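Colleague: Coordinates in target.pdb, PDB, C-alpha atoms and all ligand atoms, are listed below.
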ATOM      1  CA  MET A1010      34.826  84.409 152.834  1.00  0.00           C
ATOM      2  CA  SER A1011      34.841  82.094 149.798  1.00  0.00           C
ATOM      3  CA  THR A1012      36.008  82.261 146.258  1.00  0.00           C
ATOM      4  CA  GLU A1013      35.360  80.486 142.974  1.00  0.00           C
ATOM      5  CA  VAL A1014      38.547  78.622 142.171  1.00  0.00           C
ATOM      6  CA  PRO A1015      38.922  76.937 138.750  1.00  0.00           C
ATOM      7  CA  THR A1016      40.054  73.285 138.905  1.00  0.00           C
ATOM      8  CA  GLU A1017      40.244  70.436 136.379  1.00  0.00           C
ATOM      9  CA  GLU A1018      36.752  69.275 137.391  1.00  0.00           C
ATOM     10  CA  GLY A1019      35.207  72.717 137.094  1.00  0.00           C
ATOM     11  CA  THR A1020      35.058  75.570 139.565  1.00  0.00           C
ATOM     12  CA  LEU A1021      35.324  74.952 143.263  1.00  0.00           C
ATOM     13  CA  ASP A1022      33.835  77.110 146.017  1.00  0.00           C
ATOM     14  CA  ALA A1023      36.926  77.409 148.205  1.00  0.00           C
ATOM     15  CA  PRO A1024      36.600  78.728 151.748  1.00  0.00           C
ATOM     16  CA  VAL A1025      39.577  81.049 151.330  1.00  0.00           C
ATOM     17  CA  ALA A1026      40.599  83.060 148.315  1.00  0.00           C
ATOM     18  CA  GLU A1027      43.360  81.187 146.556  1.00  0.00           C
ATOM     19  CA  LEU A1028      44.406  82.902 143.380  1.00  0.00           C
ATOM     20  CA  PRO A1029      47.261  81.199 141.534  1.00  0.00           C
ATOM     21  CA  ILE A1030      49.838  83.652 140.224  1.00  0.00           C
ATOM     22  CA  GLU A1031      49.875  83.583 136.494  1.00  0.00           C
ATOM     23  CA  GLY A1032      53.050  82.096 135.033  1.00  0.00           C
ATOM     24  CA  ALA A1033      54.345  80.952 138.412  1.00  0.00           C
ATOM     25  CA  PRO A1034      55.819  77.446 138.370  1.00  0.00           C
ATOM     26  CA  VAL A1035      53.645  74.613 139.690  1.00  0.00           C
ATOM     27  CA  ARG A1036      55.443  71.659 141.275  1.00  0.00           C
ATOM     28  CA  ASP A1037      53.609  68.510 142.361  1.00  0.00           C
ATOM     29  CA  GLY A1038      50.404  70.434 141.921  1.00  0.00           C
ATOM     30  CA  ILE A1039      51.465  73.133 144.330  1.00  0.00           C
ATOM     31  CA  GLY A1040      51.879  76.649 143.011  1.00  0.00           C
ATOM     32  CA  GLU A1041      52.387  80.105 144.384  1.00  0.00           C
ATOM     33  CA  GLU A1042      49.241  81.961 145.231  1.00  0.00           C
ATOM     34  CA  ASP A1043      48.355  85.566 145.668  1.00  0.00           C
ATOM     35  CA  ASN A1044      45.794  85.999 148.396  1.00  0.00           C
ATOM     36  CA  PRO A1045      44.284  89.351 149.232  1.00  0.00           C
ATOM     37  CA  ILE A1046      45.386  90.553 152.662  1.00  0.00           C
ATOM     38  CA  PRO A1047      42.440  90.236 155.058  1.00  0.00           C
ATOM     39  CA  LEU A1048      40.811  93.436 156.266  1.00  0.00           C
ATOM     40  CA  TRP A1049      41.413  92.687 159.946  1.00  0.00           C
ATOM     41  CA  PHE A1050      45.146  92.477 159.303  1.00  0.00           C
ATOM     42  CA  ASN A1051      45.320  95.778 157.491  1.00  0.00           C
ATOM     43  CA  VAL A1052      43.242  97.539 160.102  1.00  0.00           C
ATOM     44  CA  GLY A1053      45.537  96.210 162.822  1.00  0.00           C
ATOM     45  CA  PHE A1054      48.692  96.959 160.864  1.00  0.00           C
ATOM     46  CA  TYR A1055      47.943 100.547 159.919  1.00  0.00           C
ATOM     47  CA  GLY A1056      46.095 101.139 163.156  1.00  0.00           C
ATOM     48  CA  LEU A1057      49.175 100.205 165.154  1.00  0.00           C
ATOM     49  CA  MET A1058      51.321 102.503 163.030  1.00  0.00           C
ATOM     50  CA  ALA A1059      48.938 105.374 163.687  1.00  0.00           C
ATOM     51  CA  TRP A1060      48.866 104.513 167.376  1.00  0.00           C
ATOM     52  CA  GLY A1061      52.666 104.451 167.447  1.00  0.00           C
ATOM     53  CA  VAL A1062      52.907 107.935 165.968  1.00  0.00           C
ATOM     54  CA  VAL A1063      50.361 109.310 168.429  1.00  0.00           C
ATOM     55  CA  TYR A1064      52.118 107.574 171.323  1.00  0.00           C
ATOM     56  CA  ILE A1065      55.580 108.845 170.395  1.00  0.00           C
ATOM     57  CA  ILE A1066      54.336 112.408 170.017  1.00  0.00           C
ATOM     58  CA  TYR A1067      52.435 112.191 173.304  1.00  0.00           C
ATOM     59  CA  PHE A1068      55.281 110.535 175.166  1.00  0.00           C
ATOM     60  CA  MET A1069      57.978 112.921 173.933  1.00  0.00           C
ATOM     61  CA  GLY A1070      55.827 116.017 173.846  1.00  0.00           C
ATOM     62  CA  THR A1071      54.200 115.914 177.253  1.00  0.00           C
ATOM     63  CA  GLY A1072      57.046 114.490 179.309  1.00  0.00           C
ATOM     64  CA  TRP A1073      54.744 111.715 180.525  1.00  0.00           C
ATOM     65  CA  THR A1074      56.635 108.827 182.156  1.00  0.00           C
ATOM     66  CA  GLN A1075      55.645 105.875 184.274  1.00  0.00           C
ATOM     67  CA  ALA A1076      58.207 106.907 186.874  1.00  0.00           C
ATOM     68  CA  GLY A1077      56.680 110.367 186.988  1.00  0.00           C
ATOM     69  CA  ARG A1078      53.178 109.014 187.453  1.00  0.00           C
ATOM     70  CA  PHE A1079      54.428 106.708 190.180  1.00  0.00           C
ATOM     71  CA  ALA A1080      56.152 109.577 192.009  1.00  0.00           C
ATOM     72  CA  VAL A1081      52.950 111.625 191.950  1.00  0.00           C
ATOM     73  CA  GLU A1082      50.862 108.753 193.303  1.00  0.00           C
ATOM     74  CA  ALA A1083      53.453 107.791 195.901  1.00  0.00           C
ATOM     75  CA  ALA A1084      53.571 111.383 197.148  1.00  0.00           C
ATOM     76  CA  ALA A1085      49.774 111.474 197.430  1.00  0.00           C
ATOM     77  CA  ALA A1086      49.732 108.160 199.328  1.00  0.00           C
ATOM     78  CA  GLU A1087      52.548 109.305 201.592  1.00  0.00           C
ATOM     79  CA  GLU A1088      50.586 112.398 202.498  1.00  0.00           C
ATOM     80  CA  ARG A1089      47.471 110.339 203.217  1.00  0.00           C
ATOM     81  CA  TYR A1090      49.158 107.714 205.335  1.00  0.00           C
ATOM     82  CA  ALA A1091      51.534 109.970 207.238  1.00  0.00           C
ATOM     83  CA  ALA A1092      48.588 111.106 209.333  1.00  0.00           C
ATOM     84  CA  ILE A1093      47.403 107.547 209.953  1.00  0.00           C
ATOM     85  CA  ARG A1094      50.898 106.388 210.785  1.00  0.00           C
ATOM     86  CA  ALA A1095      51.403 109.220 213.253  1.00  0.00           C
ATOM     87  CA  GLU A1096      48.419 107.925 215.212  1.00  0.00           C
ATOM     88  CA  MET A1097      49.686 104.321 215.314  1.00  0.00           C
ATOM     89  CA  PRO A1098      51.159 103.464 218.701  1.00  0.00           C
ATOM     90  CA  THR A1099      54.759 102.258 218.386  1.00  0.00           C
ATOM     91  CA  GLU A1100      54.701 100.972 221.930  1.00  0.00           C
ATOM     92  CA  ASN A1101      52.312  98.443 223.419  1.00  0.00           C
ATOM     93  CA  PRO A1102      49.692 100.548 225.216  1.00  0.00           C
ATOM     94  CA  TYR A1103      48.319  97.592 227.204  1.00  0.00           C
ATOM     95  CA  ARG A1104      51.418  96.422 229.031  1.00  0.00           C
ATOM     96  CA  GLY A1105      50.374  95.590 232.619  1.00  0.00           C
ATOM     97  CA  ASP A1106      46.695  96.499 232.059  1.00  0.00           C
ATOM     98  CA  ALA A1107      44.802  93.692 233.876  1.00  0.00           C
ATOM     99  CA  ALA A1108      41.581  93.870 231.821  1.00  0.00           C
ATOM    100  CA  ALA A1109      43.532  93.951 228.554  1.00  0.00           C
ATOM    101  CA  LEU A1110      45.693  91.035 229.674  1.00  0.00           C
ATOM    102  CA  ALA A1111      42.585  88.976 230.440  1.00  0.00           C
ATOM    103  CA  GLU A1112      41.260  89.684 226.951  1.00  0.00           C
ATOM    104  CA  GLY A1113      44.663  88.961 225.466  1.00  0.00           C
ATOM    105  CA  LYS A1114      44.803  85.633 227.292  1.00  0.00           C
ATOM    106  CA  GLU A1115      41.495  84.633 225.750  1.00  0.00           C
ATOM    107  CA  LEU A1116      42.683  85.610 222.277  1.00  0.00           C
ATOM    108  CA  TRP A1117      45.884  83.661 222.801  1.00  0.00           C
ATOM    109  CA  ALA A1118      43.889  80.603 223.941  1.00  0.00           C
ATOM    110  CA  THR A1119      41.493  80.703 220.988  1.00  0.00           C
ATOM    111  CA  ILE A1120      43.862  81.606 218.145  1.00  0.00           C
ATOM    112  CA  CYS A1121      47.556  81.375 218.824  1.00  0.00           C
ATOM    113  CA  VAL A1122      47.732  78.133 220.816  1.00  0.00           C
ATOM    114  CA  ALA A1123      47.036  76.058 217.722  1.00  0.00           C
ATOM    115  CA  CYS A1124      50.509  76.796 216.410  1.00  0.00           C
ATOM    116  CA  HIS A1125      52.448  78.199 219.383  1.00  0.00           C
ATOM    117  CA  LEU A1126      50.963  76.009 222.211  1.00  0.00           C
ATOM    118  CA  PRO A1127      49.443  77.442 225.423  1.00  0.00           C
ATOM    119  CA  ASP A1128      52.832  78.033 227.061  1.00  0.00           C
ATOM    120  CA  GLY A1129      54.303  79.540 223.874  1.00  0.00           C
ATOM    121  CA  GLN A1130      56.984  76.903 223.334  1.00  0.00           C
ATOM    122  CA  GLY A1131      55.903  76.416 219.715  1.00  0.00           C
ATOM    123  CA  LEU A1132      54.642  73.566 217.578  1.00  0.00           C
ATOM    124  CA  VAL A1133      53.935  74.512 213.960  1.00  0.00           C
ATOM    125  CA  GLY A1134      55.014  78.049 214.809  1.00  0.00           C
ATOM    126  CA  PRO A1135      58.263  78.873 216.599  1.00  0.00           C
ATOM    127  CA  SER A1136      58.799  79.349 220.302  1.00  0.00           C
ATOM    128  CA  VAL A1137      57.863  82.825 221.513  1.00  0.00           C
ATOM    129  CA  ILE A1138      59.369  82.328 224.962  1.00  0.00           C
ATOM    130  CA  ASP A1139      63.000  81.634 224.022  1.00  0.00           C
ATOM    131  CA  PRO A1140      65.711  84.288 223.544  1.00  0.00           C
ATOM    132  CA  TYR A1141      65.691  83.920 219.754  1.00  0.00           C
ATOM    133  CA  TRP A1142      63.511  86.292 217.718  1.00  0.00           C
ATOM    134  CA  LYS A1143      63.670  85.805 213.992  1.00  0.00           C
ATOM    135  CA  TYR A1144      61.751  89.014 213.279  1.00  0.00           C
ATOM    136  CA  GLY A1145      62.702  91.015 216.355  1.00  0.00           C
ATOM    137  CA  ASP A1146      60.997  91.575 219.690  1.00  0.00           C
ATOM    138  CA  SER A1147      60.541  95.340 219.659  1.00  0.00           C
ATOM    139  CA  ASP A1148      56.907  96.343 220.011  1.00  0.00           C
ATOM    140  CA  GLU A1149      56.863  97.524 216.417  1.00  0.00           C
ATOM    141  CA  ALA A1150      58.388  94.301 215.086  1.00  0.00           C
ATOM    142  CA  LEU A1151      55.998  92.104 217.082  1.00  0.00           C
ATOM    143  CA  PHE A1152      53.037  94.150 215.942  1.00  0.00           C
ATOM    144  CA  GLU A1153      54.142  93.833 212.338  1.00  0.00           C
ATOM    145  CA  THR A1154      54.603  90.058 212.732  1.00  0.00           C
ATOM    146  CA  VAL A1155      51.070  89.540 214.019  1.00  0.00           C
ATOM    147  CA  ASN A1156      49.358  92.241 211.962  1.00  0.00           C
ATOM    148  CA  ASP A1157      50.920  91.455 208.578  1.00  0.00           C
ATOM    149  CA  GLY A1158      51.937  87.809 209.099  1.00  0.00           C
ATOM    150  CA  ARG A1159      55.297  86.290 208.157  1.00  0.00           C
ATOM    151  CA  PRO A1160      56.141  84.236 205.061  1.00  0.00           C
ATOM    152  CA  LEU A1161      56.799  80.819 206.613  1.00  0.00           C
ATOM    153  CA  GLY A1162      53.266  80.178 207.845  1.00  0.00           C
ATOM    154  CA  MET A1163      52.393  82.984 210.260  1.00  0.00           C
ATOM    155  CA  PRO A1164      48.983  84.234 209.087  1.00  0.00           C
ATOM    156  CA  PRO A1165      48.201  87.972 209.074  1.00  0.00           C
ATOM    157  CA  TRP A1166      45.800  88.760 211.918  1.00  0.00           C
ATOM    158  CA  GLY A1167      45.299  92.454 211.191  1.00  0.00           C
ATOM    159  CA  PRO A1168      42.111  91.964 209.141  1.00  0.00           C
ATOM    160  CA  THR A1169      40.422  89.720 211.767  1.00  0.00           C
ATOM    161  CA  LEU A1170      41.686  91.213 215.021  1.00  0.00           C
ATOM    162  CA  GLY A1171      42.499  94.857 214.388  1.00  0.00           C
ATOM    163  CA  ALA A1172      45.271  96.819 216.112  1.00  0.00           C
ATOM    164  CA  GLU A1173      43.760  96.918 219.599  1.00  0.00           C
ATOM    165  CA  LYS A1174      43.341  93.169 219.993  1.00  0.00           C
ATOM    166  CA  ILE A1175      46.793  92.537 218.533  1.00  0.00           C
ATOM    167  CA  TRP A1176      48.371  94.772 221.172  1.00  0.00           C
ATOM    168  CA  LYS A1177      46.351  92.957 223.843  1.00  0.00           C
ATOM    169  CA  VAL A1178      47.361  89.460 222.780  1.00  0.00           C
ATOM    170  CA  LEU A1179      50.989  90.599 222.558  1.00  0.00           C
ATOM    171  CA  ALA A1180      50.778  92.104 226.043  1.00  0.00           C
ATOM    172  CA  TYR A1181      49.577  88.718 227.262  1.00  0.00           C
ATOM    173  CA  MET A1182      52.228  86.838 225.263  1.00  0.00           C
ATOM    174  CA  GLU A1183      54.889  88.820 227.130  1.00  0.00           C
ATOM    175  CA  THR A1184      53.638  87.494 230.458  1.00  0.00           C
ATOM    176  CA  LEU A1185      54.253  83.852 229.510  1.00  0.00           C
ATOM    177  CA  PRO A1186      57.120  82.425 231.592  1.00  0.00           C
ATOM    178  CA  ARG A1187      60.308  82.677 229.538  1.00  0.00           C
ATOM    179  CA  THR A1188      63.175  80.251 229.107  1.00  0.00           C
ATOM    180  CA  ASP A1189      66.856  80.615 228.178  1.00  0.00           C
ATOM    181  CA  GLU A1190      66.804  77.381 226.148  1.00  0.00           C
ATOM    182  CA  PRO A1191      66.759  78.045 222.391  1.00  0.00           C
ATOM    183  CA  GLY A1192      63.394  76.611 221.336  1.00  0.00           C
ATOM    184  CA  ILE A1193      61.549  75.635 218.177  1.00  0.00           C
ATOM    185  CA  GLY A1194      62.480  77.908 215.279  1.00  0.00           C
ATOM    186  CA  SER A1195      65.861  78.956 216.662  1.00  0.00           C
ATOM    187  CA  PRO A1196      68.972  78.012 214.653  1.00  0.00           C
ATOM    188  CA  GLU A1197      70.389  76.112 217.675  1.00  0.00           C
ATOM    189  CA  TYR A1198      67.243  74.004 218.015  1.00  0.00           C
ATOM    190  CA  GLU A1199      67.042  73.269 214.285  1.00  0.00           C
ATOM    191  CA  ALA A1200      70.729  72.250 214.215  1.00  0.00           C
ATOM    192  CA  ALA A1201      70.187  69.900 217.176  1.00  0.00           C
ATOM    193  CA  GLN A1202      67.160  68.369 215.459  1.00  0.00           C
ATOM    194  CA  LYS A1203      69.163  67.791 212.307  1.00  0.00           C
ATOM    195  CA  ALA A1204      72.037  66.192 214.220  1.00  0.00           C
ATOM    196  CA  ALA A1205      69.593  63.941 216.108  1.00  0.00           C
ATOM    197  CA  ALA A1206      68.033  62.826 212.814  1.00  0.00           C
ATOM    198  CA  GLY A1207      71.493  61.791 211.638  1.00  0.00           C
ATOM    199  CA  ALA A1208      71.696  64.333 208.844  1.00  0.00           C
ATOM    200  CA  PRO A1209      75.248  65.305 207.868  1.00  0.00           C
TER     201      PRO A1209
HETATM  202  C1  LIG A1301      48.576  78.718 211.623  1.00  0.00           C
HETATM  203  C2  LIG A1301      49.592  78.678 212.623  1.00  0.00           C
HETATM  204  C3  LIG A1301      49.836  79.955 213.435  1.00  0.00           C
HETATM  205  C4  LIG A1301      48.950  80.675 214.191  1.00  0.00           C
HETATM  206  C5  LIG A1301      47.476  80.419 214.400  1.00  0.00           C
HETATM  207  C6  LIG A1301      49.720  81.758 214.804  1.00  0.00           C
HETATM  208  N1  LIG A1301      51.026  81.673 214.412  1.00  0.00           N
HETATM  209 FE1  LIG A1301      52.535  82.924 215.005  1.00  0.00          FE
HETATM  210  N2  LIG A1301      53.803  81.958 213.707  1.00  0.00           N
HETATM  211  C7  LIG A1301      53.496  80.839 212.948  1.00  0.00           C
HETATM  212  C8  LIG A1301      54.657  80.482 212.148  1.00  0.00           C
HETATM  213  C9  LIG A1301      54.730  79.282 211.203  1.00  0.00           C
HETATM  214  C10 LIG A1301      55.649  81.435 212.416  1.00  0.00           C
HETATM  215  C11 LIG A1301      57.038  81.527 211.784  1.00  0.00           C
HETATM  216  C12 LIG A1301      56.955  82.379 210.533  1.00  0.00           C
HETATM  217  C13 LIG A1301      58.261  82.571 209.812  1.00  0.00           C
HETATM  218  O1  LIG A1301      59.294  82.112 210.302  1.00  0.00           O
HETATM  219  O2  LIG A1301      58.256  83.217 208.750  1.00  0.00           O
HETATM  220  C14 LIG A1301      55.081  82.343 213.428  1.00  0.00           C
HETATM  221  C15 LIG A1301      55.770  83.422 213.992  1.00  0.00           C
HETATM  222  C16 LIG A1301      55.300  84.172 215.045  1.00  0.00           C
HETATM  223  C17 LIG A1301      56.076  85.191 215.728  1.00  0.00           C
HETATM  224  C18 LIG A1301      57.522  85.606 215.395  1.00  0.00           C
HETATM  225  C19 LIG A1301      58.529  84.794 216.169  1.00  0.00           C
HETATM  226  C20 LIG A1301      59.950  85.253 215.896  1.00  0.00           C
HETATM  227  O3  LIG A1301      60.870  84.466 216.193  1.00  0.00           O
HETATM  228  O4  LIG A1301      60.159  86.374 215.403  1.00  0.00           O
HETATM  229  C21 LIG A1301      55.267  85.726 216.700  1.00  0.00           C
HETATM  230  C22 LIG A1301      55.609  86.838 217.680  1.00  0.00           C
HETATM  231  C23 LIG A1301      53.973  85.052 216.607  1.00  0.00           C
HETATM  232  N3  LIG A1301      54.044  84.118 215.590  1.00  0.00           N
HETATM  233  C24 LIG A1301      52.894  85.336 217.406  1.00  0.00           C
HETATM  234  C25 LIG A1301      51.614  84.815 217.191  1.00  0.00           C
HETATM  235  C26 LIG A1301      50.419  85.272 217.870  1.00  0.00           C
HETATM  236  C27 LIG A1301      50.391  86.374 218.933  1.00  0.00           C
HETATM  237  C28 LIG A1301      49.378  84.547 217.376  1.00  0.00           C
HETATM  238  C29 LIG A1301      47.903  84.648 217.706  1.00  0.00           C
HETATM  239  C30 LIG A1301      47.274  85.904 217.363  1.00  0.00           C
HETATM  240  C31 LIG A1301      49.932  83.626 216.379  1.00  0.00           C
HETATM  241  N4  LIG A1301      51.274  83.828 216.303  1.00  0.00           N
HETATM  242  C32 LIG A1301      49.189  82.687 215.679  1.00  0.00           C
HETATM  243  C33 LIG A1301      52.293  80.158 212.959  1.00  0.00           C
HETATM  244  C34 LIG A1301      51.143  80.602 213.570  1.00  0.00           C
END
Here is a file; write its structure as structure tokens.
Ligand code: HEC
Modeller:
Amino acid sequence: MSTEVPTEEGTLDAPVAELPIEGAPVRDGIGEEDNPIPLWFNVGFYGLMAWGVVYIIYFMGTGWTQAGRFAVEAAAAEERYAAIRAEMPTENPYRGDAAALAEGKELWATICVACHLPDGQGLVGPSVIDPYWKYGDSDEALFETVNDGRPLGMPPWGPTLGAEKIWKVLAYMETLPRTDEPGIGSPEYEAAQKAAAGAP
């Protein structure tokens, strides 16, 4: 967009329309100008007004709400997953199964030892052989821990292992010799570490 603008040296091809308002005061060579409103602005401006009217009528007339949509979708999902959930074991099906324990031992040795050590006393991850369970030691809680992961560095293993292997590695984990000493990750152990480091 360009416009012929009259100046003292003749007309100037200005990139933007700048039309001085007749009779308006000019100070230090700067005067008020009257520029035509660009098309894109008007289209957006009136378009939004039209959209607003349509939206208000639609919103108030049809009873449409986000909460309503959410409830409908949540109900559909609930229906779909209720069946799946009903089939999920809530108890470890491999407890005491020798073949499963052997497979679980292998999984433990290839994956879990990196952070929990072979005997389960913990290194990067917490001890899994002490009496303290941050996330609970029910079968369901343990499954959730390993399947979904936990925020402070426990990766989710569901996608790589699947439910069956998770139950197997947990069945093996249970057979590790346990201790009564609060280990890595327990509040007692962390407090002792802090005291030993001389922290107040
Ligand atoms: C990359 C390191 C890492 C690996 C590998 C790992 N873990 Fe963990 N694990 C952690 C960390 C870190 C936590 C603590 C998470 C937290 O406190 O939020 C944890 C927590 C846990 C807990 C919960 C302990 C409690 O007190 O509630 C269990 C059970 C567990 N891991 C089992 C396993 C098993 C079984 C495997 C192998 C499939 C495994 N972990 C592999 C790092 C790891």
Colleague: Could you give me, as a list in words, the residues within 8 Å of range 1167-1181 of chain A, counting all atoms listed in the file and dropping anything in the same chain fewer than 5 positions from it?
Modeller: Asn1101, Pro1102, Tyr1103, Arg1104, Gly1105, Ala1109, Leu1110, Ala1111, Glu1112, Gly1113, Lys1114, Leu1116, Trp1117, Leu1151, Phe1152, Val1155, Asn1156 and Asp1157 of chain A
Colleague: The PyMOL selection byres (((not hetatm)) within 9 of (chain A and resi 1301)) on the file shown: which residues, as a VMD selection string?
Modeller: chain A and resid 1116 to 1125 1129 1131 to 1137 1139 to 1146 1150 to 1156 1158 to 1166 1170 1174 to 1176 1178 to 1179 1181 to 1182 1194 to 1195
Colleague: Using all atoms listed in the file, which of A:Ala1204, A:Glu1082, A:Glu1087, A:Leu1185 sits nearest Pro1127 in chain A?
Modeller: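 Distance minimum relative to Pro1127 in chain A lands on A:Leu1185.
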Colleague: For the file shown, what are the residues hit by the PyMOL selection byres (((chain A and resi 1041) around 7) and not hetatm), laid out as a list in words?
Modeller: Pro1029, Ile1030, Ala1033, Gly1040, Glu1042 and Asp1043 of chain A
Colleague: In Å to one decimal, how far is CA of Glu1031 in chain A from CA of Trp1049 in chain A?
Modeller: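 These atoms are spaced 26.5 Å apart.
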Colleague: Report the centre and edge lengths, in Å to one decimal, of an axis-aligned box enclosing every atom of range 1035-1048 of chain A listed in the file, padded by 5 Å on each side, as AutoDock Vina command-line options.
Modeller:
--center_x 48.1 --center_y 81.0 --center_z 148.0 --size_x 24.6 --size_y 34.9 --size_z 26.6
